[in-house]
Structure formats: C-alpha cells, structure tokens
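File shown here: coords.txt, holding compact mmCIF, C-alpha atoms.
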```txt
# COMPACT_ATOMS: atom_id res chain seq x y z
CA MET A 95 30.59 -56.76 -101.15
CA TYR A 96 30.52 -52.99 -101.51
CA SER A 97 28.09 -50.11 -101.19
CA ALA A 98 28.69 -46.94 -103.14
CA GLY A 99 27.79 -43.29 -102.88
CA ILE A 100 28.00 -40.99 -105.87
CA ASP A 101 27.80 -37.23 -105.45
CA MET A 102 26.88 -35.56 -108.73
CA GLY A 103 27.94 -31.99 -108.01
CA SER A 104 27.69 -29.16 -110.46
CA ARG A 105 31.46 -29.18 -111.12
CA THR A 106 32.74 -32.58 -110.06
CA VAL A 107 31.49 -36.11 -109.53
CA LYS A 108 32.71 -37.87 -106.41
CA VAL A 109 32.45 -41.60 -105.78
CA VAL A 110 33.05 -43.47 -102.52
CA PHE A 111 32.93 -47.24 -102.01
CA LEU A 112 32.37 -48.84 -98.64
CA GLU A 113 33.49 -52.38 -98.05
CA GLU A 114 31.13 -54.38 -95.89
CA LEU A 115 33.21 -56.56 -93.60
CA LYS A 116 32.32 -58.91 -90.83
CA VAL A 117 34.57 -58.53 -87.82
CA ASP A 118 33.89 -61.12 -85.10
CA GLY A 119 30.54 -61.76 -86.75
CA ALA A 120 29.44 -58.12 -86.52
CA PRO A 121 29.13 -56.02 -89.67
CA GLN A 122 31.75 -53.31 -89.99
CA LEU A 123 32.37 -50.77 -92.69
CA LYS A 124 35.70 -50.00 -94.19
CA TRP A 125 35.91 -46.94 -96.33
CA GLY A 126 38.45 -44.92 -98.15
CA VAL A 127 38.17 -46.14 -101.70
CA LYS A 128 37.30 -43.09 -103.70
CA GLY A 129 37.34 -41.47 -107.10
CA LYS A 130 36.85 -37.97 -108.39
CA HIS A 131 35.93 -36.91 -111.87
CA ILE A 132 36.03 -33.30 -112.94
CA MET A 133 33.24 -32.53 -115.36
CA PHE A 134 34.30 -31.10 -118.68
CA PRO A 135 32.06 -29.46 -121.27
CA GLU A 136 31.73 -32.79 -123.09
CA ASP A 137 30.20 -34.21 -119.90
CA LEU A 138 27.13 -32.02 -120.15
CA ASP A 139 25.17 -35.24 -120.38
CA ALA A 140 25.16 -35.88 -116.64
CA ASP A 141 24.32 -39.55 -117.06
CA GLN A 142 27.44 -40.08 -119.15
CA ALA A 143 29.53 -38.15 -116.60
CA ALA A 144 28.17 -40.37 -113.81
CA GLU A 145 28.98 -43.53 -115.78
CA LYS A 146 32.46 -42.28 -116.57
CA ALA A 147 33.18 -41.27 -112.97
CA PHE A 148 31.87 -44.55 -111.61
CA ASP A 149 33.91 -46.64 -114.07
CA GLU A 150 37.07 -44.65 -113.29
CA ALA A 151 36.52 -45.09 -109.56
CA LEU A 152 35.88 -48.84 -109.94
CA GLN A 153 39.04 -49.17 -111.97
CA ALA A 154 41.11 -47.16 -109.50
CA ALA A 155 39.81 -49.26 -106.63
CA GLY A 156 40.14 -52.56 -108.50
CA ILE A 157 36.53 -53.49 -107.77
CA ALA A 158 34.33 -55.41 -110.19
CA ARG A 159 31.03 -53.68 -110.87
CA ASP A 160 28.98 -56.70 -109.85
CA LYS A 161 30.52 -56.56 -106.36
CA VAL A 162 28.72 -53.26 -105.72
CA THR A 163 25.32 -54.15 -104.38
CA ARG A 164 23.80 -50.72 -103.81
CA VAL A 165 24.51 -47.25 -105.17
CA VAL A 166 22.93 -44.16 -103.61
CA ALA A 167 23.19 -40.91 -105.55
CA THR A 168 23.20 -37.42 -104.12
CA GLY A 169 24.03 -33.89 -105.29
CA ALA A 170 22.44 -31.48 -107.72
CA GLY A 171 22.45 -34.09 -110.51
CA ARG A 172 21.36 -37.08 -108.42
CA LYS A 173 18.28 -37.78 -110.51
CA GLN A 174 20.49 -38.20 -113.59
CA VAL A 175 22.36 -41.18 -112.15
CA LYS A 176 20.35 -43.89 -113.87
CA PHE A 177 22.25 -46.82 -112.35
CA ALA A 178 21.65 -45.64 -108.76
CA THR A 179 19.38 -47.82 -106.66
CA ALA A 180 18.16 -44.80 -104.67
CA ASP A 181 18.85 -41.11 -104.29
CA VAL A 182 18.94 -38.76 -101.32
CA THR A 183 19.25 -35.00 -101.01
CA GLU A 184 22.61 -33.31 -100.42
CA VAL A 185 21.28 -32.33 -96.99
CA SER A 186 20.83 -35.91 -95.70
CA ALA A 187 24.00 -37.20 -97.32
CA GLY A 188 26.08 -34.27 -96.02
CA ALA A 189 24.78 -34.66 -92.46
CA LYS A 190 25.35 -38.43 -92.48
CA GLY A 191 28.89 -38.17 -93.82
CA ALA A 192 29.89 -35.24 -91.63
CA VAL A 193 28.76 -36.86 -88.37
CA PHE A 194 30.51 -40.11 -89.41
CA MET A 195 33.76 -38.21 -89.98
CA CYS A 196 33.36 -35.80 -87.04
CA PRO A 197 31.21 -37.62 -84.45
CA THR A 198 30.95 -34.60 -82.14
CA ALA A 199 29.60 -32.30 -84.86
CA ARG A 200 25.95 -31.33 -84.57
CA THR A 201 26.02 -28.34 -86.90
CA VAL A 202 27.19 -28.98 -90.44
CA ILE A 203 27.98 -26.25 -92.92
CA ASP A 204 28.25 -27.45 -96.49
CA VAL A 205 29.68 -25.08 -99.06
CA GLY A 206 29.93 -26.55 -102.51
CA ALA A 207 30.34 -24.98 -105.92
CA GLU A 208 26.67 -24.23 -106.46
CA GLU A 209 25.10 -23.76 -103.07
CA GLY A 210 25.79 -23.42 -99.38
CA ARG A 211 23.61 -24.82 -96.62
CA GLY A 212 23.39 -25.06 -92.86
CA ILE A 213 22.31 -28.34 -91.29
CA LYS A 214 21.62 -29.40 -87.73
CA ALA A 215 22.06 -33.15 -87.22
CA ASP A 216 21.66 -35.65 -84.41
CA GLY A 217 24.26 -38.17 -83.25
CA ASP A 218 23.24 -40.65 -85.97
CA GLY A 219 23.74 -38.07 -88.70
CA LYS A 220 20.00 -37.63 -89.21
CA VAL A 221 18.89 -34.15 -90.22
CA VAL A 222 17.05 -32.22 -87.51
CA ASP A 223 16.83 -28.85 -89.23
CA PHE A 224 18.25 -27.41 -92.42
CA ALA A 225 18.31 -24.21 -94.44
CA GLY A 226 19.76 -23.47 -97.82
CA ASN A 227 19.59 -20.45 -99.99
CA GLU A 228 17.75 -21.24 -103.17
CA LYS A 229 18.54 -17.91 -104.73
CA CYS A 230 21.89 -16.60 -103.60
CA ALA A 231 25.03 -17.73 -105.39
CA ALA A 232 27.10 -15.30 -103.30
CA GLY A 233 27.21 -17.92 -100.54
CA ALA A 234 28.78 -20.58 -102.74
CA GLY A 235 32.17 -21.71 -103.95
CA ALA A 236 31.61 -20.70 -107.57
CA PHE A 237 31.38 -17.07 -106.45
CA ALA A 238 34.76 -17.24 -104.69
CA GLU A 239 36.20 -18.92 -107.77
CA SER A 240 34.94 -16.26 -110.15
CA MET A 241 36.21 -13.50 -107.85
CA SER A 242 39.66 -15.14 -107.72
CA ARG A 243 39.68 -15.04 -111.52
CA ALA A 244 38.75 -11.33 -111.42
CA LEU A 245 41.78 -10.78 -109.17
CA GLN A 246 43.97 -12.98 -111.38
CA LEU A 247 44.86 -15.23 -108.47
CA SER A 248 44.74 -19.01 -108.25
CA LEU A 249 42.15 -20.28 -105.78
CA LYS A 250 44.94 -21.34 -103.40
CA ASP A 251 46.64 -17.94 -103.56
CA PHE A 252 43.27 -16.24 -103.19
CA GLY A 253 42.70 -17.91 -99.83
CA GLN A 254 46.29 -17.32 -98.68
CA ALA A 255 46.14 -13.66 -99.74
CA SER A 256 43.08 -12.99 -97.60
CA LEU A 257 45.00 -14.15 -94.51
CA ARG A 258 47.49 -11.31 -95.05
CA SER A 259 44.77 -8.69 -94.69
CA ASP A 260 43.46 -7.29 -91.44
CA LYS A 261 41.01 -4.89 -93.07
CA THR A 262 37.26 -5.32 -93.04
CA ILE A 263 35.70 -4.06 -96.23
CA PRO A 264 31.97 -4.73 -96.24
CA MET A 265 30.45 -6.06 -99.46
CA ASN A 266 26.85 -5.03 -99.38
CA ALA A 267 25.58 -6.64 -102.55
CA GLN A 268 23.66 -9.87 -102.01
CA CYS A 269 23.74 -10.83 -105.65
CA THR A 270 26.90 -12.15 -107.32
CA VAL A 271 26.49 -9.81 -110.28
CA PHE A 272 26.41 -6.70 -108.08
CA ALA A 273 29.10 -8.14 -105.80
CA GLU A 274 31.35 -8.58 -108.81
CA SER A 275 30.82 -4.94 -109.75
CA GLU A 276 31.80 -4.00 -106.17
CA VAL A 277 35.00 -6.01 -106.61
CA VAL A 278 35.72 -4.25 -109.90
CA SER A 279 35.24 -0.88 -108.14
CA LEU A 280 37.69 -1.96 -105.44
CA ILE A 281 40.23 -3.00 -108.10
CA HIS A 282 39.86 0.39 -109.81
CA SER A 283 40.36 2.20 -106.52
CA SER A 284 43.70 0.36 -106.14
CA THR A 285 42.58 -1.59 -103.08
CA PRO A 286 45.24 -4.25 -102.37
CA LYS A 287 44.33 -7.72 -103.66
CA GLU A 288 44.59 -9.28 -100.21
CA ASP A 289 42.01 -6.84 -98.83
CA ILE A 290 39.64 -7.60 -101.70
CA ALA A 291 40.16 -11.34 -101.24
CA LYS A 292 39.30 -11.02 -97.55
CA ALA A 293 36.22 -8.89 -98.36
CA VAL A 294 34.96 -11.56 -100.79
CA LEU A 295 35.56 -14.47 -98.41
CA ASP A 296 34.05 -12.54 -95.48
CA ALA A 297 30.97 -11.95 -97.65
CA VAL A 298 30.63 -15.66 -98.52
CA ALA A 299 31.15 -16.57 -94.84
CA SER A 300 28.52 -14.08 -93.69
CA ARG A 301 25.92 -15.49 -96.10
CA VAL A 302 26.68 -19.06 -95.06
CA THR A 303 26.62 -18.09 -91.37
CA ALA A 304 23.15 -16.59 -91.83
CA MET A 305 21.93 -20.04 -92.95
CA ALA A 306 23.65 -21.74 -90.02
CA ARG A 307 22.08 -19.27 -87.60
CA ARG A 308 18.68 -19.94 -89.13
CA VAL A 309 18.92 -23.60 -88.01
CA GLY A 310 20.69 -22.64 -84.78
CA ILE A 311 24.32 -23.39 -84.04
CA GLU A 312 24.54 -26.32 -81.65
CA GLY A 313 27.50 -28.41 -80.55
CA GLU A 314 30.61 -28.41 -82.66
CA VAL A 315 30.54 -27.06 -86.19
CA ALA A 316 31.88 -29.11 -89.10
CA LEU A 317 32.56 -27.59 -92.49
CA ILE A 318 32.31 -29.82 -95.56
CA GLY A 319 32.57 -29.25 -99.29
CA GLY A 320 35.33 -27.96 -101.51
CA MET A 321 35.63 -24.61 -99.71
CA VAL A 322 37.36 -26.38 -96.81
CA HIS A 323 40.53 -26.18 -98.94
CA ASN A 324 40.32 -22.38 -98.89
CA VAL A 325 42.22 -21.38 -95.73
CA GLY A 326 41.03 -17.80 -95.98
CA PHE A 327 37.40 -18.87 -96.08
CA VAL A 328 37.84 -21.12 -93.05
CA GLN A 329 39.25 -18.16 -91.11
CA SER A 330 36.45 -15.86 -92.29
CA LEU A 331 33.88 -18.46 -91.28
CA LYS A 332 35.34 -18.83 -87.78
CA THR A 333 35.18 -15.07 -87.33
CA ALA A 334 31.61 -14.84 -88.67
CA LEU A 335 30.43 -17.70 -86.44
CA GLY A 336 32.34 -16.35 -83.45
CA VAL A 337 33.96 -19.72 -82.73
CA ASP A 338 37.59 -20.70 -82.17
CA GLN A 339 37.36 -24.01 -83.95
CA VAL A 340 35.59 -25.46 -86.95
CA LEU A 341 35.98 -29.20 -87.54
CA LEU A 342 37.46 -29.90 -90.96
CA PRO A 343 37.11 -33.52 -92.08
CA GLU A 344 39.74 -35.12 -94.26
CA MET A 345 38.81 -35.12 -97.94
CA PRO A 346 35.92 -32.71 -97.35
CA GLU A 347 34.62 -32.83 -100.91
CA TYR A 348 33.92 -36.56 -100.51
CA VAL A 349 31.83 -36.26 -97.35
CA SER A 350 28.46 -36.17 -99.13
CA ALA A 351 29.43 -39.15 -101.31
CA LEU A 352 30.49 -40.95 -98.14
CA GLY A 353 27.15 -40.09 -96.53
CA ALA A 354 25.33 -41.51 -99.55
CA ALA A 355 27.47 -44.67 -99.36
CA LEU A 356 26.66 -45.02 -95.65
CA LEU A 357 22.96 -44.69 -96.42
CA ALA A 358 23.40 -47.30 -99.15
CA ALA A 359 25.07 -49.63 -96.66
CA GLU A 360 22.17 -49.04 -94.24
CA ASN A 361 19.97 -50.12 -97.14
CA LYS A 362 18.27 -46.73 -97.48
CA MET B 35 12.95 -32.36 -89.05
CA ILE B 36 12.48 -28.68 -89.71
CA ALA B 37 12.89 -27.90 -93.39
CA ASN B 38 13.47 -24.27 -94.29
CA TYR B 39 12.61 -23.42 -97.87
CA GLY B 40 13.48 -20.01 -99.22
CA TYR B 41 16.27 -17.49 -99.37
CA LYS B 42 17.77 -14.32 -98.01
CA ASP B 43 18.38 -11.42 -100.33
CA GLY B 44 19.02 -7.70 -100.11
CA SER B 45 15.42 -7.01 -99.13
CA GLY B 46 15.11 -9.54 -96.32
CA GLU B 47 14.88 -13.15 -95.24
CA TYR B 48 12.06 -15.18 -96.73
CA TYR B 49 11.72 -18.71 -95.44
CA ILE B 50 8.77 -21.05 -95.01
CA SER B 51 9.63 -23.55 -92.27
CA ILE B 52 7.88 -26.90 -92.21
CA ASP B 53 8.14 -29.10 -89.12
CA THR B 54 7.91 -32.39 -90.99
CA ASP B 55 7.49 -34.44 -87.79
CA LYS B 56 4.03 -32.83 -87.55
CA CYS B 57 3.28 -33.72 -91.18
CA ILE B 58 3.79 -37.46 -90.97
CA SER B 59 0.31 -38.28 -89.72
CA CYS B 60 -1.41 -35.05 -90.70
CA PRO B 61 -4.69 -34.68 -88.77
CA ALA B 62 -5.65 -31.78 -91.04
CA GLY B 63 -5.97 -34.01 -94.10
CA ARG B 64 -3.12 -32.28 -95.97
CA ALA B 65 -5.03 -28.99 -95.79
CA CYS B 66 -1.93 -27.07 -96.93
CA LEU B 67 -2.41 -28.42 -100.46
CA THR B 68 -5.72 -26.62 -100.87
CA ALA B 69 -5.33 -23.75 -98.39
CA CYS B 70 -2.62 -21.98 -100.35
CA PRO B 71 -4.30 -19.99 -103.14
CA LYS B 72 -1.20 -20.44 -105.28
CA GLY B 73 -0.86 -24.17 -104.67
CA MET B 74 2.69 -23.76 -103.43
CA PHE B 75 2.76 -26.94 -101.34
CA GLU B 76 3.22 -30.54 -102.39
CA ILE B 77 3.59 -33.86 -100.61
CA ILE B 78 6.95 -35.54 -101.08
CA THR B 79 8.59 -38.67 -99.74
CA ASP B 80 11.62 -37.39 -97.88
CA ASP B 81 15.00 -39.09 -97.42
CA TYR B 82 13.69 -40.93 -94.37
CA ASP B 83 10.74 -42.35 -96.34
CA ASP B 84 8.17 -40.12 -94.63
CA GLU B 85 5.42 -38.44 -96.63
CA VAL B 86 5.69 -34.78 -95.73
CA ALA B 87 4.77 -31.36 -97.09
CA ALA B 88 7.29 -29.26 -98.98
CA VAL B 89 7.29 -26.00 -100.89
CA LYS B 90 7.38 -26.71 -104.62
CA GLN B 91 10.77 -26.04 -106.21
CA SER B 92 9.32 -23.48 -108.62
CA PHE B 93 8.24 -21.19 -105.74
CA ARG B 94 11.34 -21.39 -103.56
CA ARG B 95 13.08 -18.43 -105.17
CA SER B 96 10.13 -16.08 -105.22
CA LEU B 97 8.40 -16.43 -101.85
CA ALA B 98 8.50 -12.69 -101.15
CA PHE B 99 6.35 -12.10 -104.21
CA ASP B 100 4.22 -15.24 -104.22
CA CYS B 101 3.13 -14.89 -100.58
CA THR B 102 2.40 -11.16 -100.78
CA GLY B 103 -1.27 -11.69 -101.63
CA CYS B 104 -1.89 -13.49 -98.32
CA LYS B 105 -0.08 -11.02 -96.09
CA PRO B 106 -2.05 -8.31 -94.21
CA ALA B 107 -1.67 -5.90 -97.13
CA GLY B 108 -3.59 -8.41 -99.27
CA GLY B 109 -6.56 -8.24 -96.90
CA TYR B 110 -5.83 -11.37 -94.87
CA SER B 111 -5.58 -11.23 -91.09
CA SER B 112 -3.93 -14.66 -90.92
CA LEU B 113 -2.05 -16.70 -93.46
CA PRO B 114 -4.27 -19.37 -95.08
CA CYS B 115 -1.48 -21.96 -95.07
CA MET B 116 -0.82 -21.51 -91.36
CA THR B 117 -4.53 -21.44 -90.54
CA GLY B 118 -5.19 -24.56 -92.61
CA CYS B 119 -2.31 -26.45 -91.05
CA THR B 120 -3.91 -27.12 -87.66
CA PRO B 121 -0.92 -29.11 -86.32
CA GLY B 122 1.09 -25.89 -86.66
CA ALA B 123 3.79 -27.29 -88.91
CA ILE B 124 4.05 -24.24 -91.18
CA LYS B 125 5.71 -20.97 -90.21
CA HIS B 126 6.78 -17.92 -92.19
CA SER B 127 9.96 -16.06 -91.27
CA TRP B 128 8.61 -12.67 -92.32
```

Mind turning the file's structure into structure tokens?
Amino acid sequence: MYSAGIDMGSRTVKVVFLEELKVDGAPQLKWGVKGKHIMFPEDLDADQAAEKAFDEALQAAGIARDKVTRVVATGAGRKQVKFATADVTEVSAGAKGAVFMCPTARTVIDVGAEEGRGIKADGDGKVVDFAGNEKCAAGAGAFAESMSRALQLSLKDFGQASLRSDKTIPMNAQCTVFAESEVVSLIHSSTPKEDIAKAVLDAVASRVTAMARRVGIEGEVALIGGMVHNVGFVQSLKTALGVDQVLLPEMPEYVSALGAALLAAENK
Amino acid sequence: MIANYGYKDGSGEYYISIDTDKCISCPAGRACLTACPKGMFEIITDDYDDEVAAVKQSFRRSLAFDCTGCKPAGGYSSLPCMTGCTPGAIKHSW
C-alpha cells in the first residue's frame, strides 16, 4: 500500500508516493516515486490541476489509485485538493521532509515561488518555531524569476551570472515593484548584468535570512524549494547567513510533498 | 511551537509571536479572543491537532496599522492582548 503527499504550489504541483513495506516485520518506508505537474493557465481550477497531477504521477509510477490509502495535501492550494484525506501547512510538511532528507538539519529555509519562510525543527521534523513573510514577495522565487526576465537571462544563466560578480550593490526597496524599478535604473546606468543578478539574489537572500534569524539559526541549515537550483542564490544565502555550508537535499522542490507523504504514512 | 505571524517591510518588523504550547490548555479561557478590540485572534486546530490561538489571515499583512490603536500612542500603557493572555503566550516584536 502507498501513502501520498501532494504539494499544491502556486506554480507547480508535486506528488510523492511512499511505499509502506514490512522489513523483518517492522514497517519501513520506501520513497522516490514522484511526479511534477507545471500549472498552465487552463489549470486555474486548482482542483482540476490536482487531479491531473495526481493521475499523471500514478501513471508514471504504475500505481493503481485504490492502492493509495491516504493523501495529505500541503502548499498554498492545499484546501483545493478535494480527494485529500487531510491537509497540513507548508511549514509542517517542509520541516518533516527536510529533516527526513537531512537528519542533522534543525533550521530549514524554504523558498518557493510565492513565499519564503524560516523554520526551526526538532529531530523528528516537528516545527518548534517558524516565521514567514505574509507581505513581501521580494523574498520569494517569483521575484528572482521576474528579475531574470527583466535582464533577459534564463533562470539558470541568472544564477550563474551572479557568481561572476564580486560587487555588492545594495537593493534598498522591500517591495518587488520598487525593487524592479531599482533594477531598471541599474540597467539604464549600464551596470553589468552579473552585478545586477548578484544584487537581486543578495536581496532575496537577505530577506529570507531575516526570517531565519527571527526563529534563530540552530544546528545545520537546510534549504528547500525550487530556489535550491539557483547556484547564485545558494551562494548569496551562505554569505547572508555567515555559514560555510547549507544542506541541499536532492530534488528540493519535492521535499514538502515528501513531508506531507510522511505525515500521511504516520496517519496524520 | 512558536508561530510568528506578520511581516517585515521598509518601515520595520511587525510580528505577533504566539507560543502555542502555552495555548493548549489555556488557563485564561481564550481571553485573547475578546481582549483584542479588533478581534484579530482566532482558535485553530494546528497540524499537530492542538487547538491554539492564531492571528486571523486577514490581519497578517497589516499588523503595523491594526495594532496602532493599542500601542502607547493610542492611550494604552500595556497591550490588551498581552495583558489578557495571562500564560504569556503572546508577544509583539515592535
């Protein structure tokens, strides 16, 4: 039998299945079966997007729907997943998944498309303290994405470009709209793209670090969410946190879905 | 668990922290629900199935403005939510 976690993000839907095995009589979990569905404009009905993503993931994994006993939903659209047996916040799912993937992590930084958050967790992946930013989009992946478009760089090149800069250009605006106008000013003043890219990623990292500091940085720090793929952001975050190492789990965008699946398996 | 609701913007950091461990068996009879003149608090069942206080979603982006009336400039010497919450679960960051 299987448990499933579905993370209804604002841009993508991620699905993870956990197989419940019995090894020498003791229950064990095997995971790794996953699916990802990018939401298109026709998926504005989140319930339909969830159904579509779940069906695609089942098909990819070769699992019959009736073999999935529990589905826990998480993410911004978790309430729209009508077939879920329960739902949990992104905070609990992220902490659970991150500590499962990186057992030594006690501070989890989650930067998704829509929001960033800092979480302190215990050894079981239970949330001890958390802070998000309900208002600021400048600490989220969508901001970096829109700035990469302004610079006419792909997201991958955007991150790589920032690594070629050693300049520190402060971006003072806290709001994405004003930050974007700062970027436009930098473009007009012929500032090299790599310096602008670093300024943007430093700004996102500083906003995310403020949330992590609010909960207190303890133990090792794990970064989850799609921004893990941005090498420039990872470097900016290390600098902002003042640490040499940030734990980067494999398949970081699936960590919250994995956390939800783990909670489903624990019968949450 | 300490839940921080709020935001940081260009003017400052505005968070209401709720120590939910102190909420679980509230000896103050959920006083936060009535103490806040704006009714900003609600009781939710969190992800660990505990009934705890939280700041309503609709107030989380405007704490700097919504709480102004209860700050010293509004004539209060102590915040009604913090005074009402005798277990000391509620704290303001500003």

Next on the checklist: Distance limit 9 Å, atoms considered: only C-alpha atoms. Which chain A residues sit that close to chain B? Return them as number ranges by chain.
Outcome noted: A: 181-183, 186, 220-230, 266-269, 301, 304-305, 308-309, 362

Generate a file of the selected residues that holds C-alpha atoms, formatted as an mmCIF file, keeping the file's coordinate frame.
```cif
data_model
loop_
_atom_site.group_PDB
_atom_site.id
_atom_site.type_symbol
_atom_site.label_atom_id
_atom_site.label_comp_id
_atom_site.auth_asym_id
_atom_site.auth_seq_id
_atom_site.Cartn_x
_atom_site.Cartn_y
_atom_site.Cartn_z
ATOM 1 C CA ASP A 181 18.850 -41.110 -104.290
ATOM 2 C CA VAL A 182 18.940 -38.760 -101.320
ATOM 3 C CA THR A 183 19.250 -35.000 -101.010
ATOM 4 C CA SER A 186 20.830 -35.910 -95.700
ATOM 5 C CA LYS A 220 20.000 -37.630 -89.210
ATOM 6 C CA VAL A 221 18.890 -34.150 -90.220
ATOM 7 C CA VAL A 222 17.050 -32.220 -87.510
ATOM 8 C CA ASP A 223 16.830 -28.850 -89.230
ATOM 9 C CA PHE A 224 18.250 -27.410 -92.420
ATOM 10 C CA ALA A 225 18.310 -24.210 -94.440
ATOM 11 C CA GLY A 226 19.760 -23.470 -97.820
ATOM 12 C CA ASN A 227 19.590 -20.450 -99.990
ATOM 13 C CA GLU A 228 17.750 -21.240 -103.170
ATOM 14 C CA LYS A 229 18.540 -17.910 -104.730
ATOM 15 C CA CYS A 230 21.890 -16.600 -103.600
ATOM 16 C CA ASN A 266 26.850 -5.030 -99.380
ATOM 17 C CA ALA A 267 25.580 -6.640 -102.550
ATOM 18 C CA GLN A 268 23.660 -9.870 -102.010
ATOM 19 C CA CYS A 269 23.740 -10.830 -105.650
ATOM 20 C CA ARG A 301 25.920 -15.490 -96.100
ATOM 21 C CA ALA A 304 23.150 -16.590 -91.830
ATOM 22 C CA MET A 305 21.930 -20.040 -92.950
ATOM 23 C CA ARG A 308 18.680 -19.940 -89.130
ATOM 24 C CA VAL A 309 18.920 -23.600 -88.010
ATOM 25 C CA LYS A 362 18.270 -46.730 -97.480
#
```

Checklist entry - Neighbours of Val89 of chain B within 7 Å (all atoms listed in the file; same-chain residues fewer than 6 positions away dropped), as an MDAnalysis selection string? => result chainID B and resid 39 74:76

Checklist entry - Quick one: residues within 10 Å of Phe177 of chain A, all atoms listed in the file counted, chain neighbours fewer than 4 positions away excluded, as a PyMOL selection string? => result chain A and resi 141+144-145+148+164-167

Item to check | Interatomic distance (Å, one decimal) between atom CA of Asp338 of chain A and atom CA of Ala255 of chain A | outcome: 20.8 Å

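Nearest residue to Leu97 of chain B, choosing from B:Pro61, B:His126, B:Cys66, B:Pro71 and counting only C-alpha atoms: B:His126.
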
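For Pro114 of chain B, the list of residues within 6 Å, based on all atoms listed in the file and with local chain neighbours fewer than 3 positions off taken out, reads Ala69, Thr117 and Gly118 of chain B.
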
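Considering all atoms listed in the file, the residue among B:Cys60, B:Ala88, B:Cys115, B:Thr120 positioned nearest to Lys72 of chain B is B:Cys115.
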
Item to check | Two-atom distance - atom CA of Ala299 of chain A, atom CA of Ala238 of chain A (Å) | outcome: 10.5 Å

Checklist entry - Could you state the separation of atom CA of Ile311 of chain A and atom CA of Glu360 of chain A in Å, given to one decimal place? => result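 Atom CA of Ile311 of chain A sits 27.7 Å away from atom CA of Glu360 of chain A.
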
Checklist entry - Neighbours of Met116 of chain B within 7 Å (only C-alpha atoms; same-chain residues fewer than 4 positions away dropped), as number ranges by chain? => result B: 122, 124-125

Next on the checklist: Restricting the calculation to only C-alpha atoms: of A:Tyr96, A:Phe194, A:Phe111, A:Phe252, which residue gets closest to Glu344 of chain A?
Outcome noted: A:Phe194

Box for segment 249-267 of chain A: with edges along x, y and z, all listed atoms inside and 5 Å added on each side, what are the centre and edge lengths in Å to one decimal, as AutoDock Vina command-line options?
```
--center_x 36.5 --center_y -12.7 --center_z -98.6 --size_x 31.9 --size_y 27.3 --size_z 24.3
```

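Each of B:Pro121, B:Gly103, B:Gly73, B:Gly109 was compared to Lys56 of chain B using only C-alpha atoms, and B:Pro121 turns out to be the nearest.
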
Next on the checklist: My list of candidates is A:Asp101, A:Asp160, A:Glu314, A:Glu150. Which is closest to Val185 of chain A when distances are computed with only C-alpha atoms?
Outcome noted: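 Among A:Asp101, A:Asp160, A:Glu314, A:Glu150, it is A:Asp101 that comes nearest to Val185 of chain A.
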
Next on the checklist: Within 12 Å of (36.8, -48.5, -108.8) (file coordinates; only C-alpha atoms), which protein or nucleic acid residues are there? I'd like them as a PyMOL selection string.
Outcome noted: chain A and resi 96-100+108-113+126-130+145-162
